[in-house]
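Structure, as structure tokens:
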Amino acid sequence: MALTKALRSGSANAIEEAHKALDAGDFRLAAATTPNGMTTAPYGVECRVLGGLSPWMTRAIAFVPEDQVSGDDKAPDDKIVGFGRRYNAVLMADPRFPYADVCRASDKAGPKPVLSDNPDAGVVQPYGFAELGEARMSYGLGAAARRGSVTDIRILLERDPAALDRTDMFGLTPLAWAVAYHRWPAAEALLRAKANPTGATCQTTIDRQSPLQIARIMRWYAVIRRMRPLVTEEQFASLRQKPRWDDASLIEFNHALTELKERYETPLRKIPFARHDLNFSVDEQGQTTQCTMDPASGVPAFDKELCGLAMEIVHWAPARDAFGTRVPESARLMVGFGGGT
């Protein structure tokens with residue numbers, strides 16, 4: 001609140017505020033809130049974080065409309081942007097800043113990684129940059145895991161065993177970082193020390209930051225198999241994804257359903273209003289191979305035509321098993337009609 005007041009009055013000193021944060025061990029960068037989430041781009045920094053930045057990862061100092069988000073020298077508000085740029089520059093230039101491999105100055109970030117158009121290809125590096133820079137013991141267990149330093153991991157765990165499953169400001173445990181940076185020896189060392197494949201106590205297998213979920217997104221099957229015996233069958237099964245409908249096709253189907261009900265208004269008016277499940281079989285390509293309605297409406301022609309429309313119009317992202325491989329699976333939509341409604 002004090003910083004917000006100082007920013008509004010123009011009296012905020014970016015260098016003093018940055019050193020104050022560094023002394024407190026607060027490494028959050030200045031960021032802006034936009035209609036599409038958090039970003040450090042207006043303040044000269046690019047962070048490569050799976051799914052984007054979350055509010056607790058940054059110090060949000062302004063709201064920026066999406067069309068004004070830019071990493072260049074153009075600024076929607078000179079006072080705020082000037083503060084944010086200086087603040088971030090001081091933090092990132094300080095040797096205590098441990099995340100120079102995750103967030104970098106925009107002019108030093110280089111081209112953004114190109115994601116494969118193949119939905120079955122894994123994300124090569126979901127977090128950070130490949131060039132890590134100097135390692136410092138003071139950066140902690142997560143930095144040692146990112147660099148694959150097994151010796152540092154052993155020393156740091158001896159100093160602070162509780163750090164094994166402790167998350168940092170990005171919500172990642174050391175094991176999650178080792179997986180994200182594809183450091184097999186580091187991951188193995190942490191697993192031997194009993195690191196949790198589901199992440200911290202408050203996390204679950206399916207959380208975006210959990211080691212197992214990161215390995216699945218990367219399609220790193222070897223480490224998934226290594227972690228599988230360390231979680232329950234229920235936890236591992238929770239990684240499965242059911243087929244997901246395409247929103248645009250579902251909107252089109254709803255319009256078609258409205259027209260269909262109008263054509264069958266007379267027989268449908270004679271039955272009481274009820275909800276019905278449309279049950280589908282969806283193959284590995286996301287194609288619907290079968291449709292049944294439960295319970296039947298009592299108007300067979302309507303049921304048949306409704307299923308036909310659903311099979312023709314609704315598109316699905318295919319189901320995936322716990323390893324991220326496409327598999328056939330069932331899917332369901334609920335519809336309601338009858339009683340003239």
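By order in the structure tokens, chains are A, B, ...; within a chain, residues start at 1; ligands start at 1, following the order shown.
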
Can you tell me which residues surround Leu239 of chain A at a distance of at most 12 Å, considering only C-alpha atoms, apart from same-chain residues fewer than 5 positions away, and format the answer as a short mmCIF file (atom, residue, chain, number, x, y, z; two decimals) with N, CA, C and O atoms, in the first residue's frame?
data_model
loop_
_atom_site.label_atom_id
_atom_site.label_comp_id
_atom_site.auth_asym_id
_atom_site.auth_seq_id
_atom_site.Cartn_x
_atom_site.Cartn_y
_atom_site.Cartn_z
N THR A 198 4.28 -35.53 -6.45
CA THR A 198 3.11 -34.67 -6.60
C THR A 198 3.39 -33.24 -6.19
O THR A 198 2.51 -32.37 -6.31
N THR A 204 -1.44 -31.26 -5.89
CA THR A 204 -1.92 -32.57 -6.31
C THR A 204 -1.19 -32.99 -7.59
O THR A 204 -0.49 -32.19 -8.21
N THR A 205 -1.38 -34.24 -7.98
CA THR A 205 -0.72 -34.77 -9.16
C THR A 205 -1.01 -33.93 -10.39
O THR A 205 -0.14 -33.73 -11.25
N ILE A 206 -2.24 -33.44 -10.51
CA ILE A 206 -2.64 -32.74 -11.75
C ILE A 206 -2.31 -31.26 -11.74
O ILE A 206 -2.52 -30.59 -12.74
N ASP A 207 -1.80 -30.71 -10.63
CA ASP A 207 -1.43 -29.31 -10.62
C ASP A 207 -0.36 -29.04 -11.67
O ASP A 207 0.54 -29.86 -11.87
N ARG A 208 -0.45 -27.89 -12.30
CA ARG A 208 0.48 -27.56 -13.38
C ARG A 208 1.93 -27.60 -12.92
O ARG A 208 2.83 -27.93 -13.69
N SER A 210 3.24 -29.58 -10.53
CA SER A 210 3.68 -30.83 -9.91
C SER A 210 4.70 -31.52 -10.82
O SER A 210 4.60 -31.47 -12.04
N PRO A 211 5.71 -32.17 -10.23
CA PRO A 211 6.72 -32.86 -11.05
C PRO A 211 6.13 -33.85 -12.04
O PRO A 211 6.56 -33.90 -13.20
N LEU A 212 5.14 -34.62 -11.62
CA LEU A 212 4.54 -35.60 -12.53
C LEU A 212 3.83 -34.92 -13.70
O LEU A 212 3.92 -35.38 -14.85
N GLN A 213 3.12 -33.85 -13.43
CA GLN A 213 2.40 -33.16 -14.51
C GLN A 213 3.38 -32.52 -15.49
O GLN A 213 3.16 -32.54 -16.70
N ILE A 214 4.47 -31.95 -14.97
CA ILE A 214 5.47 -31.36 -15.86
C ILE A 214 6.09 -32.44 -16.74
O ILE A 214 6.27 -32.25 -17.95
N ALA A 215 6.41 -33.59 -16.14
CA ALA A 215 6.98 -34.70 -16.92
C ALA A 215 6.00 -35.15 -18.00
O ALA A 215 6.39 -35.48 -19.12
N ARG A 216 4.72 -35.15 -17.67
CA ARG A 216 3.70 -35.57 -18.64
C ARG A 216 3.59 -34.57 -19.78
O ARG A 216 3.47 -34.96 -20.96
N ILE A 217 3.62 -33.28 -19.48
CA ILE A 217 3.56 -32.25 -20.51
C ILE A 217 4.77 -32.35 -21.44
O ILE A 217 4.67 -32.12 -22.64
N ILE A 224 8.47 -40.40 -15.79
CA ILE A 224 7.11 -40.74 -15.33
C ILE A 224 7.09 -42.16 -14.77
O ILE A 224 6.53 -42.42 -13.69
N ARG A 228 6.14 -43.25 -10.96
CA ARG A 228 4.84 -43.91 -10.82
C ARG A 228 4.72 -44.76 -9.55
O ARG A 228 3.70 -44.67 -8.85
N VAL A 231 3.65 -42.93 -6.12
CA VAL A 231 2.34 -42.33 -5.87
C VAL A 231 1.29 -43.45 -5.86
O VAL A 231 1.55 -44.56 -6.31
N THR A 232 0.11 -43.14 -5.36
CA THR A 232 -0.95 -44.14 -5.33
C THR A 232 -1.53 -44.32 -6.73
O THR A 232 -1.37 -43.46 -7.60
N GLU A 233 -2.20 -45.44 -6.94
CA GLU A 233 -2.85 -45.67 -8.23
C GLU A 233 -3.90 -44.59 -8.52
O GLU A 233 -4.07 -44.17 -9.66
N GLU A 234 -4.58 -44.15 -7.47
CA GLU A 234 -5.58 -43.09 -7.65
C GLU A 234 -4.93 -41.79 -8.10
O GLU A 234 -5.44 -41.10 -8.98
N ALA A 319 -9.05 -38.10 -25.67
CA ALA A 319 -8.63 -38.42 -24.31
C ALA A 319 -7.16 -38.81 -24.31
O ALA A 319 -6.61 -39.25 -25.32
N ARG A 320 -6.52 -38.63 -23.17
CA ARG A 320 -5.12 -39.04 -23.02
C ARG A 320 -4.96 -39.79 -21.71
O ARG A 320 -5.61 -39.46 -20.71
N ASP A 321 -4.09 -40.80 -21.74
CA ASP A 321 -3.86 -41.56 -20.51
C ASP A 321 -2.87 -40.82 -19.63
O ASP A 321 -2.47 -39.68 -19.91
N ALA A 322 -2.45 -41.44 -18.53
CA ALA A 322 -1.58 -40.77 -17.57
C ALA A 322 -0.22 -40.41 -18.15
O ALA A 322 0.47 -39.53 -17.63
N PHE A 323 0.18 -41.07 -19.24
CA PHE A 323 1.44 -40.76 -19.89
C PHE A 323 1.30 -39.68 -20.95
O PHE A 323 2.28 -39.26 -21.55
N GLY A 324 0.05 -39.25 -21.22
CA GLY A 324 -0.19 -38.24 -22.24
C GLY A 324 -0.43 -38.80 -23.62
O GLY A 324 -0.51 -38.07 -24.60
N THR A 325 -0.60 -40.14 -23.72
CA THR A 325 -0.83 -40.79 -25.01
C THR A 325 -2.32 -40.79 -25.32
O THR A 325 -3.15 -41.02 -24.43
#

Residues of segment 11-30 of chain A that have any atom at most 10 Å from an atom of segment 162-180 of chain A: could you tabulate them with the shortest-distance atom pair and the distance in Å to one decimal, using only C-alpha atoms, ordered by chain and increasing number, as CSV?
residue,atom,partner,partner_atom,distance
A:Asp26,CA,A:Met169,CA,9.0
A:Phe27,CA,A:Met169,CA,8.2
A:Arg28,CA,A:Met169,CA,7.6

- Query: Distance atom CA of His255 of chain A-atom CA of Ala301 of chain A, one decimal place?
  - Reply: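 Atom CA of His255 of chain A sits 18.7 Å away from atom CA of Ala301 of chain A.
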
Write out as a tab-separated table a residue-level contact list of segment 138-196 of chain A versus segment 97-114 of chain A with cut-off 9 Å: for each qualifying residue the closest pair of atoms and the distance in Å to one decimal, counting only C-alpha atoms, rows sorted by chain and residue number upward.
residue	atom	partner	partner_atom	distance
A:Ser138	CA	A:Pro98	CA	8.3
A:Tyr139	CA	A:Pro98	CA	5.1
A:Gly140	CA	A:Pro98	CA	8.2
A:Ala143	CA	A:Pro98	CA	7.1
A:Arg146	CA	A:Asp101	CA	8.9

- Would you return as an NGL selection string the members of segment 130-279 of chain A that DSSP assigns to helix (DSSP H, G or I) on this structure's backbone? :A and (137-139 or 141-147 or 150-159 or 161-165 or 174-180 or 184-192 or 211-218 or 221-230 or 233-237 or 247-263 or 265-269)

Based on the selection just made, write C-alpha atoms of those residues as a CSV table (one decimal), in the first residue's frame.
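Below is the file that was written, result08.csv:
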chain,number,residue,atom,x,y,z
A,137,MET,CA,25.1,-22.1,-3.5
A,138,SER,CA,23.0,-19.3,-2.0
A,139,TYR,CA,20.5,-19.7,-4.8
A,141,LEU,CA,18.0,-26.3,-3.9
A,142,GLY,CA,15.8,-25.3,-6.8
A,143,ALA,CA,18.7,-23.6,-8.7
A,144,ALA,CA,21.0,-26.6,-8.0
A,145,ALA,CA,18.2,-28.9,-9.5
A,146,ARG,CA,17.9,-26.6,-12.6
A,147,ARG,CA,21.7,-26.9,-13.1
A,150,VAL,CA,24.0,-33.5,-7.7
A,151,THR,CA,26.9,-32.4,-5.3
A,152,ASP,CA,25.2,-29.1,-4.5
A,153,ILE,CA,21.9,-31.0,-4.0
A,154,ARG,CA,23.5,-33.3,-1.4
A,155,ILE,CA,25.1,-30.4,0.5
A,156,LEU,CA,22.0,-28.3,0.6
A,157,LEU,CA,19.8,-31.2,1.7
A,158,GLU,CA,22.3,-31.9,4.6
A,159,ARG,CA,22.0,-28.2,5.6
A,161,PRO,CA,16.3,-31.3,4.8
A,162,ALA,CA,13.0,-29.5,4.9
A,163,ALA,CA,13.9,-27.8,1.6
A,164,LEU,CA,13.3,-31.1,-0.3
A,165,ASP,CA,9.6,-30.4,-1.0
A,174,PRO,CA,13.3,-28.7,-6.5
A,175,LEU,CA,12.1,-32.0,-8.1
A,176,ALA,CA,9.8,-30.1,-10.4
A,177,TRP,CA,12.7,-27.9,-11.5
A,178,ALA,CA,14.9,-30.9,-12.2
A,179,VAL,CA,12.2,-32.4,-14.4
A,180,ALA,CA,11.4,-29.1,-16.2
A,184,TRP,CA,17.8,-36.8,-14.9
A,185,PRO,CA,20.7,-37.2,-12.3
A,186,ALA,CA,19.3,-34.3,-10.2
A,187,ALA,CA,15.8,-35.8,-10.4
A,188,GLU,CA,17.2,-39.2,-9.4
A,189,ALA,CA,19.1,-37.7,-6.5
A,190,LEU,CA,16.0,-35.9,-5.2
A,191,LEU,CA,13.8,-39.0,-5.6
A,192,ARG,CA,16.3,-41.1,-3.6
A,211,PRO,CA,6.7,-32.9,-11.0
A,212,LEU,CA,4.5,-35.6,-12.5
A,213,GLN,CA,2.4,-33.2,-14.5
A,214,ILE,CA,5.5,-31.4,-15.9
A,215,ALA,CA,7.0,-34.7,-16.9
A,216,ARG,CA,3.7,-35.6,-18.6
A,217,ILE,CA,3.6,-32.3,-20.5
A,218,MET,CA,7.1,-32.9,-21.7
A,221,TYR,CA,8.1,-41.2,-20.2
A,222,ALA,CA,11.2,-42.5,-18.4
A,223,VAL,CA,10.9,-40.1,-15.4
A,224,ILE,CA,7.1,-40.7,-15.3
A,225,ARG,CA,7.8,-44.5,-15.0
A,226,ARG,CA,10.4,-43.7,-12.3
A,227,MET,CA,7.9,-41.7,-10.3
A,228,ARG,CA,4.8,-43.9,-10.8
A,229,PRO,CA,5.6,-46.4,-8.0
A,230,LEU,CA,6.0,-43.5,-5.6
A,233,GLU,CA,-2.9,-45.7,-8.2
A,234,GLU,CA,-5.6,-43.1,-7.7
A,235,GLN,CA,-3.1,-40.2,-7.9
A,236,PHE,CA,-1.6,-41.6,-11.1
A,237,ALA,CA,-5.0,-42.2,-12.6
A,247,ASP,CA,-16.5,-24.7,-27.6
A,248,ALA,CA,-17.3,-23.4,-31.0
A,249,SER,CA,-18.7,-26.7,-32.1
A,250,LEU,CA,-20.8,-27.0,-28.9
A,251,ILE,CA,-22.3,-23.6,-29.6
A,252,GLU,CA,-23.2,-24.8,-33.1
A,253,PHE,CA,-24.7,-27.9,-31.7
A,254,ASN,CA,-26.9,-25.9,-29.3
A,255,HIS,CA,-28.3,-23.9,-32.2
A,256,ALA,CA,-29.0,-27.1,-34.1
A,257,LEU,CA,-30.7,-28.6,-31.0
A,258,THR,CA,-33.0,-25.6,-30.7
A,259,GLU,CA,-34.0,-26.0,-34.3
A,260,LEU,CA,-34.6,-29.7,-33.9
A,261,LYS,CA,-36.8,-29.2,-30.8
A,262,GLU,CA,-38.9,-26.7,-32.8
A,263,ARG,CA,-39.5,-29.3,-35.5
A,265,GLU,CA,-42.4,-29.5,-30.7
A,266,THR,CA,-45.7,-31.4,-30.9
A,267,PRO,CA,-44.5,-34.9,-29.7
A,268,LEU,CA,-42.0,-33.3,-27.2
A,269,ARG,CA,-44.8,-31.3,-25.6

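Going from atom CA of Val64 of chain A over to atom CA of Val81 of chain A, you cover 10.3 Å.
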
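Non-sequential neighbours of Gly298 of chain A (distance at most 12 Å, separation of 3 or more positions within a chain, only C-alpha atoms) are A:Pro267, A:Leu268, A:Arg269, A:Lys270, A:Ile271, A:Pro272, A:Ala274, A:His276, A:Met293, A:Asp294, A:Pro295, A:Ala301, A:Phe302, A:Asp303, A:Lys304, A:Phe337, A:Gly338.
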
- Mind checking which residues fall within 8 Å of Arg244 of chain A, counting only C-alpha atoms, ignoring those fewer than 4 positions away in the same chain, and posting them as a list in words?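 Everything that qualifies: Trp316, Ala317, Pro318 and Ala319 of chain A.
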
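Between atom CA of Ala32 of chain A and atom CA of Ile61 of chain A there is a distance of 5.9 Å.
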
May I have a table of the residues of segment 14-40 of chain A lying at most 8 Å from segment 45-55 of chain A, giving each one's closest pair of atoms and their distance in Å to one decimal, counting only C-alpha atoms, ordered by chain and ascending residue number, as a Markdown table?
| residue | atom | partner | partner_atom | distance |
| --- | --- | --- | --- | --- |
| A:Gly37 | CA | A:Leu53 | CA | 7.4 |
| A:Met38 | CA | A:Leu53 | CA | 5.5 |
| A:Thr39 | CA | A:Leu53 | CA | 6.7 |
| A:Thr40 | CA | A:Val45 | CA | 5.3 |

Just the selected residues (N, CA, C and O atoms), exported as a PDB file, in the first residue's frame, please.
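Full text of again_39.pdb as output:
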ATOM      1  N   GLY A  37      -3.935 -11.529 -18.167  1.00  0.00           N
ATOM      2  CA  GLY A  37      -3.081 -12.055 -17.106  1.00  0.00           C
ATOM      3  C   GLY A  37      -1.925 -11.129 -16.776  1.00  0.00           C
ATOM      4  O   GLY A  37      -1.897  -9.955 -17.178  1.00  0.00           O
ATOM      5  N   MET A  38      -0.936 -11.673 -16.049  1.00  0.00           N
ATOM      6  CA  MET A  38       0.204 -10.899 -15.594  1.00  0.00           C
ATOM      7  C   MET A  38       1.311 -10.915 -16.641  1.00  0.00           C
ATOM      8  O   MET A  38       1.505 -11.913 -17.337  1.00  0.00           O
ATOM      9  N   THR A  39       2.059  -9.808 -16.720  1.00  0.00           N
ATOM     10  CA  THR A  39       3.202  -9.762 -17.631  1.00  0.00           C
ATOM     11  C   THR A  39       4.253  -8.792 -17.106  1.00  0.00           C
ATOM     12  O   THR A  39       3.925  -7.748 -16.531  1.00  0.00           O
ATOM     13  N   THR A  40       5.515  -9.144 -17.323  1.00  0.00           N
ATOM     14  CA  THR A  40       6.626  -8.257 -16.992  1.00  0.00           C
ATOM     15  C   THR A  40       7.117  -7.505 -18.237  1.00  0.00           C
ATOM     16  O   THR A  40       8.038  -6.701 -18.146  1.00  0.00           O
TER      17      THR A  40
END

- Message: Quick check for you: according to DSSP on this backbone, which residues of segment 100-292 of chain A are classed as strand (DSSP E or B)? Reply as an MDAnalysis selection string.
- Response: chainID A and resid 103:105 241 244:245 274:282 288:292

- Choose the residue, out of A:Ala130, A:Val327, A:Ala18, A:Ala62, that has the smallest atom-to-atom separation from Asp283 of chain A; count only C-alpha atoms. A:Val327
